[in-house]
$ cat protein-v1.cif   # mmCIF, C-alpha atoms
data_query
#
loop_
_atom_site.label_atom_id
_atom_site.label_comp_id
_atom_site.auth_asym_id
_atom_site.auth_seq_id
_atom_site.Cartn_x
_atom_site.Cartn_y
_atom_site.Cartn_z
CA MET I 6 63.47 63.75 12.89
CA ARG I 7 62.80 64.27 16.58
CA VAL I 8 60.01 66.74 17.35
CA PRO I 9 61.10 69.40 19.91
CA LEU I 10 59.17 69.40 23.16
CA LYS I 11 56.73 72.24 23.72
CA LYS I 12 56.05 73.76 27.12
CA THR I 13 52.44 74.54 28.07
CA THR I 14 51.45 77.45 30.30
CA LEU I 15 49.88 75.76 33.33
CA PRO I 16 51.21 77.02 36.71
CA ARG I 17 53.29 74.12 38.05
CA THR I 18 56.65 73.51 39.65
CA ALA I 19 59.53 73.03 37.25
CA GLU I 20 59.66 69.30 37.96
CA GLU I 21 55.89 68.96 37.38
CA VAL I 22 56.29 70.79 34.07
CA ALA I 23 58.99 68.37 32.98
CA ILE I 24 57.02 65.28 34.07
CA THR I 25 53.84 66.47 32.33
CA GLU I 26 55.56 67.47 29.09
CA LEU I 27 57.55 64.25 28.88
CA ARG I 28 54.41 62.19 29.45
CA GLN I 29 52.59 64.12 26.73
CA ALA I 30 55.50 63.73 24.31
CA ILE I 31 55.44 59.97 24.86
CA VAL I 32 51.68 59.77 24.27
CA ARG I 33 51.91 61.96 21.16
CA GLY I 34 54.64 59.70 19.82
CA ASP I 35 57.28 62.45 19.75
CA LEU I 36 59.27 60.13 22.03
CA PRO I 37 58.57 56.54 20.89
CA PRO I 38 59.78 53.40 22.69
CA GLY I 39 63.57 53.26 22.66
CA ALA I 40 64.02 57.01 22.05
CA MET I 41 66.88 58.59 23.94
CA ILE I 42 66.09 61.55 26.21
CA LYS I 43 68.98 63.95 26.63
CA GLN I 44 68.72 66.00 29.81
CA GLU I 45 70.36 69.17 28.51
CA GLU I 46 68.38 69.19 25.26
CA THR I 47 65.10 68.56 27.06
CA ALA I 48 65.82 71.28 29.61
CA ARG I 49 66.58 73.77 26.84
CA GLU I 50 63.40 72.93 24.90
CA LEU I 51 61.23 73.30 27.99
CA GLY I 52 62.98 76.45 29.23
CA LEU I 53 64.05 74.76 32.45
CA SER I 54 67.29 74.02 34.26
CA VAL I 55 68.73 70.52 34.11
CA ILE I 56 67.98 69.72 37.76
CA PRO I 57 64.14 69.53 37.55
CA VAL I 58 64.43 67.61 34.28
CA ARG I 59 66.79 65.12 35.94
CA GLU I 60 64.36 64.68 38.85
CA ALA I 61 61.45 64.23 36.43
CA LEU I 62 63.36 61.53 34.57
CA LYS I 63 64.07 59.74 37.85
CA THR I 64 60.36 59.85 38.72
CA LEU I 65 59.33 58.47 35.34
CA ALA I 66 62.03 55.80 35.54
CA GLY I 67 60.60 54.76 38.90
CA GLU I 68 57.21 54.36 37.22
CA GLY I 69 58.64 52.19 34.47
CA ILE I 70 57.88 54.64 31.68
CA ILE I 71 61.53 55.53 31.16
CA THR I 72 64.59 53.30 31.51
CA TYR I 73 68.00 54.35 32.81
CA ARG I 74 71.16 52.51 31.78
CA PRO I 75 74.69 53.50 32.88
CA GLN I 76 76.78 54.95 30.05
CA ARG I 77 73.64 55.25 27.90
CA GLY I 78 71.35 57.47 29.95
CA TYR I 79 67.56 57.67 29.78
CA THR I 80 65.39 56.14 27.06
CA VAL I 81 61.67 55.59 26.68
CA ALA I 82 60.96 52.10 28.01
CA GLU I 83 60.71 49.27 25.52
CA LEU I 84 58.31 46.42 26.18
CA HIS I 85 59.50 42.85 25.66
CA ALA I 86 57.24 39.89 25.00
CA GLU I 87 58.47 37.98 28.04
CA SER I 88 57.35 40.76 30.39
CA LEU I 89 53.96 41.36 28.79
CA GLU I 90 52.18 38.42 30.42
CA GLY I 91 53.51 39.54 33.80
CA ILE I 92 52.24 43.07 33.30
CA TYR I 93 48.81 41.80 32.37
CA ARG I 94 48.72 39.54 35.42
CA VAL I 95 49.49 42.53 37.62
CA ARG I 96 46.81 44.54 35.82
CA GLU I 97 44.32 41.73 36.40
CA LEU I 98 44.96 41.80 40.14
CA LEU I 99 45.18 45.55 40.69
CA GLU I 100 42.61 46.81 38.23
CA GLY I 101 40.25 43.97 39.08
CA GLU I 102 40.25 45.05 42.73
CA ALA I 103 39.71 48.72 41.85
CA GLU I 104 36.92 47.84 39.42
CA GLN I 105 35.19 45.60 41.95
CA VAL I 106 35.00 48.42 44.48
CA GLY I 107 34.26 51.14 41.93
CA ALA I 108 31.45 49.18 40.28
CA HIS I 109 29.60 49.01 43.60
CA ARG I 110 30.14 52.71 44.32
CA ILE I 111 29.49 54.36 40.98
CA GLY I 112 26.54 56.72 40.68
CA PRO I 113 24.89 58.80 37.95
CA SER I 114 27.77 61.28 37.70
CA GLY I 115 30.33 58.52 37.25
CA ILE I 116 28.22 56.79 34.61
CA ALA I 117 27.78 60.12 32.82
CA ALA I 118 31.56 60.61 32.85
CA MET I 119 32.10 57.18 31.32
CA ARG I 120 29.52 57.84 28.59
CA ALA I 121 31.17 61.20 27.87
CA ALA I 122 34.50 59.40 27.49
CA ILE I 123 32.89 56.99 25.01
CA ASP I 124 31.61 59.95 22.97
CA GLY I 125 35.06 61.56 23.12
CA GLN I 126 36.72 58.41 21.89
CA ARG I 127 34.26 58.13 18.99
CA ARG I 128 35.03 61.70 17.93
CA ALA I 129 38.75 61.06 18.17
CA VAL I 130 38.46 57.96 15.97
CA GLU I 131 36.46 59.92 13.39
CA GLU I 132 39.07 62.70 13.44
CA ARG I 133 41.96 60.20 13.28
CA ASP I 134 43.28 61.70 16.50
CA ALA I 135 45.33 58.99 18.19
CA VAL I 136 46.13 61.14 21.22
CA GLY I 137 42.42 61.87 21.68
CA VAL I 138 41.65 58.15 21.47
CA ILE I 139 44.22 57.37 24.18
CA THR I 140 43.07 60.22 26.42
CA SER I 141 39.38 59.33 26.17
CA ASN I 142 40.05 55.64 26.73
CA ARG I 143 42.01 56.49 29.85
CA SER I 144 39.23 58.78 31.10
CA PHE I 145 36.72 55.95 30.65
CA HIS I 146 38.62 53.50 32.82
CA PHE I 147 39.86 55.91 35.45
CA ALA I 148 36.34 57.20 36.05
CA LEU I 149 35.85 53.80 37.67
CA PHE I 150 39.33 53.21 39.10
CA GLU I 151 39.22 56.49 41.03
CA LEU I 152 36.20 55.31 43.00
CA CYS I 153 38.22 52.55 44.68
CA GLY I 154 38.90 54.72 47.73
CA ASN I 155 42.44 53.39 48.10
CA PRO I 156 45.13 55.91 47.09
CA LEU I 157 47.91 53.32 47.19
CA LEU I 158 45.99 50.92 44.96
CA LEU I 159 45.16 53.74 42.56
CA ARG I 160 48.83 54.72 42.45
CA TYR I 161 49.89 51.24 41.35
CA VAL I 162 47.01 50.95 38.88
CA ARG I 163 48.16 54.22 37.34
CA GLN I 164 51.77 53.03 37.26
CA THR I 165 51.00 49.79 35.43
CA TRP I 166 48.72 51.67 33.04
CA ASP I 167 51.41 54.28 32.37
CA SER I 168 54.03 51.60 31.70
CA LEU I 169 52.06 50.54 28.61
CA ASP I 170 51.38 54.06 27.31
CA PRO I 171 54.33 54.32 24.90
CA HIS I 172 53.26 51.08 23.22
CA ARG I 173 49.52 51.77 23.46
CA ALA I 174 50.14 55.14 21.80
CA LEU I 175 52.14 53.64 18.96
CA SER I 176 49.62 50.87 18.27
CA TYR I 177 46.72 53.36 18.29
CA ARG I 178 48.53 55.70 15.93
CA ARG I 179 49.30 52.85 13.55
CA ALA I 180 45.66 51.79 13.57
CA VAL I 181 44.61 55.37 12.80
CA GLU I 182 47.18 55.65 10.01
CA ARG I 183 45.91 52.39 8.47
CA ASP I 184 42.32 53.52 8.96
CA ASP I 185 41.73 50.23 10.79
CA THR I 186 38.48 50.83 12.66
CA SER I 187 37.69 47.22 13.56
CA ARG I 188 39.47 47.28 16.91
CA HIS I 189 38.01 50.69 17.75
CA GLU I 190 34.53 49.44 16.96
CA GLN I 191 35.07 46.44 19.22
CA ILE I 192 36.34 48.65 22.04
CA ASP I 193 33.37 50.97 21.63
CA SER I 194 30.84 48.14 21.85
CA GLU I 195 32.59 46.69 24.90
CA HIS I 196 32.65 50.09 26.63
CA VAL I 197 28.93 50.56 25.99
CA ALA I 198 28.15 47.10 27.40
CA ILE I 199 30.16 47.87 30.55
CA VAL I 200 28.37 51.16 31.18
CA ASP I 201 24.98 49.61 30.45
CA ALA I 202 25.67 46.96 33.11
CA LEU I 203 26.68 49.64 35.62
CA GLN I 204 23.57 51.68 34.85
CA ALA I 205 21.45 48.55 35.31
CA GLU I 206 23.01 48.23 38.79
CA ASP I 207 24.65 44.94 37.87
CA PRO I 208 28.22 45.41 39.14
CA GLU I 209 29.09 41.70 38.86
CA SER I 210 28.38 41.70 35.11
CA ALA I 211 30.28 44.96 34.69
CA VAL I 212 33.37 43.55 36.44
CA ARG I 213 33.23 40.40 34.29
CA LEU I 214 32.93 42.48 31.11
CA LEU I 215 35.84 44.66 32.21
CA ALA I 216 38.05 41.60 32.76
CA GLU I 217 37.18 40.24 29.32
CA HIS I 218 37.77 43.66 27.78
CA ARG I 219 41.19 43.95 29.37
CA MET I 220 42.35 40.52 28.21
CA ARG I 221 41.19 41.15 24.64
CA GLY I 222 43.87 43.84 24.47
CA LEU I 223 46.67 41.34 25.13
CA PRO I 224 46.81 39.89 21.58
CA SER I 225 47.06 43.43 20.19
CA PHE I 226 50.18 44.07 22.24
CA HIS I 227 51.68 40.72 21.19
CA HIS I 228 51.00 41.61 17.55
CA TYR I 229 52.66 45.00 18.03
CA LEU I 230 55.77 43.43 19.55
CA GLN I 231 56.05 40.82 16.80
CA SER I 232 55.82 43.53 14.14
CA GLU I 233 58.72 45.49 15.55
#
$ encode --input "protein-v1.cif" --output "C-alpha cells"
Amino acid sequence: MRVPLKKTTLPRTAEEVAITELRQAIVRGDLPPGAMIKQEETARELGLSVIPVREALKTLAGEGIITYRPQRGYTVAELHAESLEGIYRVRELLEGEAEQVGAHRIGPSGIAAMRAAIDGQRRAVEERDAVGVITSNRSFHFALFELCGNPLLLRYVRQTWDSLDPHRALSYRRAVERDDTSRHEQIDSEHVAIVDALQAEDPESAVRLLAEHRMRGLPSFHHYLQSE
C-alpha cells in the first residue's frame, strides 16, 4: 500500500514544498523505483494546487530522479545495469574534481563536520534507521564537495548523487532489514581513514581513498539490480 505524503511546516514556496517532500518520500522508500506519481493525488496529500506539483515533477525529471513518459506520466526513475557504469564514470570525473579541491581547502570545522556525520551514521545503523544512514552518508561527502568553490560543478555532483538516491535508499533499507552490518562496517572504516588522512594534511591520500571508496559501491548497485 502506498504511504500518503506528509507535508512539513518549513516556510517555502509551494514548488519548494513539493520538491522537498517528493525527495524525502523517495529517500524514505514511500516512492520506490518505478512508482507512479499522480499529480492530483500528490497535490491533495500535500495541500497544494496541481501547478506547483507539476513544476516540481519537471524539476526532478530534469535531475534524473523522476522519469516522464507520454501516456504514462511520472514515475520514480529506475536504474538499468547498462547505464550504471556510465553514471559511475561521470561520478568519478565530477566528484573526483570536487574532492581534489575540497581536500586541499578543508579545515578543522570541515573535518569536525565529517566526523559528526560518521557518528550520525553509526547511530543510524544501530537504530536500524535507513533514512538516517542515507542522510549522514550524504552529509559526510558533501562536507567536502561543498568546498570545491564551483557552484556549477557542485550542481552536477548533486544531480548525479540524487539520481542514485532511490536505489541507494532501497539497498540501505534492505541491508537494515536483513541486519547486514558488514557493508556498513566497511563504509565506516573507509570514512574514518579518509578523515584521518585529511586531518594529517595528506590530501593526496584522502583523494585516493575517496576514489577507492566510491568504486567499492559499484558492485553493491550491480547486486541490487540483479536481485530485482
$ residues_near_point --input "protein-v1.cif" --point "(49.0, 56.0, 24.2)" --cutoff "6 Å" --atoms "all atoms listed in the file" --output "number ranges by chain"
I: 32, 139, 170-171, 173-174
$ write_last_selection --input "protein-v1.cif" --atoms "C-alpha atoms" --output "compact mmCIF listing (two decimals), in the coordinates of the input"
# COMPACT_ATOMS: atom_id res chain seq x y z
CA VAL I 32 51.68 59.77 24.27
CA ILE I 139 44.22 57.37 24.18
CA ASP I 170 51.38 54.06 27.31
CA PRO I 171 54.33 54.32 24.90
CA ARG I 173 49.52 51.77 23.46
CA ALA I 174 50.14 55.14 21.80
$ resolve_selection --input "protein-v1.cif" --expression "the PyMOL selection byres ((chain I and resi 209) around 12)" --output "PyMOL selection string"
chain I and resi 101+104-109+199+202-203+205-208+210-216
$ atom_distance --input "protein-v1.cif" --atom1 "CA of Ala40 in chain I" --atom2 "CA of Val162 in chain I"
24.7 Å
$ closest_residue --input "protein-v1.cif" --among "I:Ala30, I:Arg127, I:Leu169, I:Ile192" --to "Tyr93 in chain I" --atoms "all atoms listed in the file"
I:Leu169
$ resolve_selection --input "protein-v1.cif" --expression "the PyMOL selection byres ((chain I and resi 124) around 12)" --output "list in words"
Ala117, Ala118, Met119, Arg120, Ala121, Ala122, Ile123, Gly125, Gln126, Arg127, Arg128, Ala129, Val130, Glu131, Gly137, Val138, Thr140, Ser141, Asn142, Ser144, Phe145, Asp193, Ser194, His196 and Val197 of chain I
$ residues_around --input "protein-v1.cif" --residues "Gly39 in chain I" --least-positions-apart "4" --cutoff "9 Å" --atoms "all atoms listed in the file" --output "list in words"
Thr72, Thr80, Val81, Ala82 and Glu83 of chain I
$ closest_residue --input "protein-v1.cif" --among "I:His146, I:Arg188, I:Arg133, I:Arg179" --to "Glu100 in chain I" --atoms "all atoms listed in the file"
I:His146
$ closest_residue --input "protein-v1.cif" --among "I:His189, I:Arg160, I:His172, I:Pro224" --to "Glu68 in chain I" --atoms "only C-alpha atoms"
I:Arg160
$ closest_residue --input "protein-v1.cif" --among "I:Leu65, I:Ile111, I:Val55, I:Leu99" --to "Arg28 in chain I" --atoms "all atoms listed in the file"
I:Leu65
$ atom_distance --input "protein-v1.cif" --atom1 "CA of Glu90 in chain I" --atom2 "CA of Asp167 in chain I"
16.0 Å
$ closest_residue --input "protein-v1.cif" --among "I:Thr25, I:Ala135, I:Glu45, I:Arg219" --to "Trp166 in chain I" --atoms "only C-alpha atoms"
I:Arg219
$ atom_distance --input "protein-v1.cif" --atom1 "CA of Ser88 in chain I" --atom2 "CA of Ser187 in chain I"
26.7 Å
$ closest_residue --input "protein-v1.cif" --among "I:Asp134, I:Arg178, I:Ser168, I:Val200" --to "Leu149 in chain I" --atoms "all atoms listed in the file"
I:Val200
$ axis_aligned_box --input "protein-v1.cif" --around "range 70-85 of chain I" --padding-each-side "4 Å" --output "JSON"
{"center_x": 67.3, "center_y": 50.3, "center_z": 29.2, "size_x": 26.9, "size_y": 22.8, "size_z": 15.4}
$ resolve_selection --input "protein-v1.cif" --expression "the PyMOL selection byres ((chain I and resi 64) around 12)" --output "list in words"
Glu20, Glu21, Ala23, Ile24, Thr25, Leu27, Arg28, Pro57, Val58, Arg59, Glu60, Ala61, Leu62, Lys63, Leu65, Ala66, Gly67, Glu68, Gly69, Ile70, Ile71, Thr72, Tyr73, Tyr79 and Gln164 of chain I
$ build_atoms --input "protein-v1.cif" --residues "range 24-46 of chain I" --atoms "N, CA, C and O atoms" --output "PDB file, in the frame of the given file"
ATOM      1  N   ILE I  24      57.723  66.568  34.044  1.00  0.00           N
ATOM      2  CA  ILE I  24      57.020  65.280  34.070  1.00  0.00           C
ATOM      3  C   ILE I  24      55.844  65.308  33.106  1.00  0.00           C
ATOM      4  O   ILE I  24      55.659  64.391  32.297  1.00  0.00           O
ATOM      5  N   THR I  25      55.034  66.378  33.174  1.00  0.00           N
ATOM      6  CA  THR I  25      53.840  66.470  32.330  1.00  0.00           C
ATOM      7  C   THR I  25      54.211  66.508  30.851  1.00  0.00           C
ATOM      8  O   THR I  25      53.610  65.809  30.024  1.00  0.00           O
ATOM      9  N   GLU I  26      55.202  67.320  30.501  1.00  0.00           N
ATOM     10  CA  GLU I  26      55.560  67.470  29.090  1.00  0.00           C
ATOM     11  C   GLU I  26      56.195  66.204  28.536  1.00  0.00           C
ATOM     12  O   GLU I  26      55.963  65.841  27.377  1.00  0.00           O
ATOM     13  N   LEU I  27      56.967  65.508  29.341  1.00  0.00           N
ATOM     14  CA  LEU I  27      57.550  64.250  28.880  1.00  0.00           C
ATOM     15  C   LEU I  27      56.468  63.194  28.681  1.00  0.00           C
ATOM     16  O   LEU I  27      56.487  62.446  27.692  1.00  0.00           O
ATOM     17  N   ARG I  28      55.529  63.131  29.610  1.00  0.00           N
ATOM     18  CA  ARG I  28      54.410  62.190  29.450  1.00  0.00           C
ATOM     19  C   ARG I  28      53.655  62.475  28.143  1.00  0.00           C
ATOM     20  O   ARG I  28      53.330  61.562  27.381  1.00  0.00           O
ATOM     21  N   GLN I  29      53.336  63.745  27.918  1.00  0.00           N
ATOM     22  CA  GLN I  29      52.590  64.120  26.730  1.00  0.00           C
ATOM     23  C   GLN I  29      53.368  63.808  25.455  1.00  0.00           C
ATOM     24  O   GLN I  29      52.797  63.370  24.446  1.00  0.00           O
ATOM     25  N   ALA I  30      54.670  64.022  25.479  1.00  0.00           N
ATOM     26  CA  ALA I  30      55.500  63.730  24.310  1.00  0.00           C
ATOM     27  C   ALA I  30      55.499  62.241  23.999  1.00  0.00           C
ATOM     28  O   ALA I  30      55.500  61.834  22.832  1.00  0.00           O
ATOM     29  N   ILE I  31      55.477  61.421  25.050  1.00  0.00           N
ATOM     30  CA  ILE I  31      55.440  59.970  24.860  1.00  0.00           C
ATOM     31  C   ILE I  31      54.104  59.553  24.263  1.00  0.00           C
ATOM     32  O   ILE I  31      54.043  58.751  23.327  1.00  0.00           O
ATOM     33  N   VAL I  32      53.008  60.105  24.791  1.00  0.00           N
ATOM     34  CA  VAL I  32      51.680  59.770  24.270  1.00  0.00           C
ATOM     35  C   VAL I  32      51.512  60.247  22.836  1.00  0.00           C
ATOM     36  O   VAL I  32      50.915  59.552  21.998  1.00  0.00           O
ATOM     37  N   ARG I  33      52.017  61.438  22.526  1.00  0.00           N
ATOM     38  CA  ARG I  33      51.910  61.960  21.160  1.00  0.00           C
ATOM     39  C   ARG I  33      52.738  61.141  20.178  1.00  0.00           C
ATOM     40  O   ARG I  33      52.505  61.153  18.980  1.00  0.00           O
ATOM     41  N   GLY I  34      53.753  60.449  20.696  1.00  0.00           N
ATOM     42  CA  GLY I  34      54.640  59.700  19.820  1.00  0.00           C
ATOM     43  C   GLY I  34      55.888  60.479  19.447  1.00  0.00           C
ATOM     44  O   GLY I  34      56.709  60.001  18.666  1.00  0.00           O
ATOM     45  N   ASP I  35      56.060  61.687  20.007  1.00  0.00           N
ATOM     46  CA  ASP I  35      57.280  62.450  19.750  1.00  0.00           C
ATOM     47  C   ASP I  35      58.479  61.708  20.336  1.00  0.00           C
ATOM     48  O   ASP I  35      59.597  61.838  19.829  1.00  0.00           O
ATOM     49  N   LEU I  36      58.236  60.954  21.406  1.00  0.00           N
ATOM     50  CA  LEU I  36      59.270  60.130  22.030  1.00  0.00           C
ATOM     51  C   LEU I  36      58.782  58.680  22.022  1.00  0.00           C
ATOM     52  O   LEU I  36      58.142  58.236  22.967  1.00  0.00           O
ATOM     53  N   PRO I  37      59.053  57.929  20.975  1.00  0.00           N
ATOM     54  CA  PRO I  37      58.570  56.540  20.890  1.00  0.00           C
ATOM     55  C   PRO I  37      59.422  55.603  21.735  1.00  0.00           C
ATOM     56  O   PRO I  37      60.488  56.001  22.232  1.00  0.00           O
ATOM     57  N   PRO I  38      58.982  54.364  21.934  1.00  0.00           N
ATOM     58  CA  PRO I  38      59.780  53.400  22.690  1.00  0.00           C
ATOM     59  C   PRO I  38      61.201  53.291  22.144  1.00  0.00           C
ATOM     60  O   PRO I  38      61.417  53.189  20.939  1.00  0.00           O
ATOM     61  N   GLY I  39      62.171  53.342  23.044  1.00  0.00           N
ATOM     62  CA  GLY I  39      63.570  53.260  22.660  1.00  0.00           C
ATOM     63  C   GLY I  39      64.228  54.594  22.407  1.00  0.00           C
ATOM     64  O   GLY I  39      65.464  54.668  22.284  1.00  0.00           O
ATOM     65  N   ALA I  40      63.447  55.684  22.332  1.00  0.00           N
ATOM     66  CA  ALA I  40      64.020  57.010  22.050  1.00  0.00           C
ATOM     67  C   ALA I  40      64.870  57.483  23.224  1.00  0.00           C
ATOM     68  O   ALA I  40      64.493  57.344  24.380  1.00  0.00           O
ATOM     69  N   MET I  41      66.010  58.056  22.906  1.00  0.00           N
ATOM     70  CA  MET I  41      66.880  58.590  23.940  1.00  0.00           C
ATOM     71  C   MET I  41      66.391  59.967  24.377  1.00  0.00           C
ATOM     72  O   MET I  41      65.933  60.761  23.547  1.00  0.00           O
ATOM     73  N   ILE I  42      66.489  60.244  25.669  1.00  0.00           N
ATOM     74  CA  ILE I  42      66.090  61.550  26.210  1.00  0.00           C
ATOM     75  C   ILE I  42      67.330  62.200  26.806  1.00  0.00           C
ATOM     76  O   ILE I  42      67.865  61.749  27.824  1.00  0.00           O
ATOM     77  N   LYS I  43      67.788  63.248  26.166  1.00  0.00           N
ATOM     78  CA  LYS I  43      68.980  63.950  26.630  1.00  0.00           C
ATOM     79  C   LYS I  43      68.567  65.061  27.596  1.00  0.00           C
ATOM     80  O   LYS I  43      67.732  65.897  27.257  1.00  0.00           O
ATOM     81  N   GLN I  44      69.145  65.071  28.768  1.00  0.00           N
ATOM     82  CA  GLN I  44      68.720  66.000  29.810  1.00  0.00           C
ATOM     83  C   GLN I  44      68.913  67.454  29.391  1.00  0.00           C
ATOM     84  O   GLN I  44      68.016  68.279  29.568  1.00  0.00           O
ATOM     85  N   GLU I  45      70.075  67.778  28.851  1.00  0.00           N
ATOM     86  CA  GLU I  45      70.360  69.170  28.510  1.00  0.00           C
ATOM     87  C   GLU I  45      69.447  69.664  27.388  1.00  0.00           C
ATOM     88  O   GLU I  45      68.919  70.785  27.430  1.00  0.00           O
ATOM     89  N   GLU I  46      69.237  68.825  26.392  1.00  0.00           N
ATOM     90  CA  GLU I  46      68.380  69.190  25.260  1.00  0.00           C
ATOM     91  C   GLU I  46      66.937  69.376  25.713  1.00  0.00           C
ATOM     92  O   GLU I  46      66.265  70.344  25.330  1.00  0.00           O
TER      93      GLU I  46
END
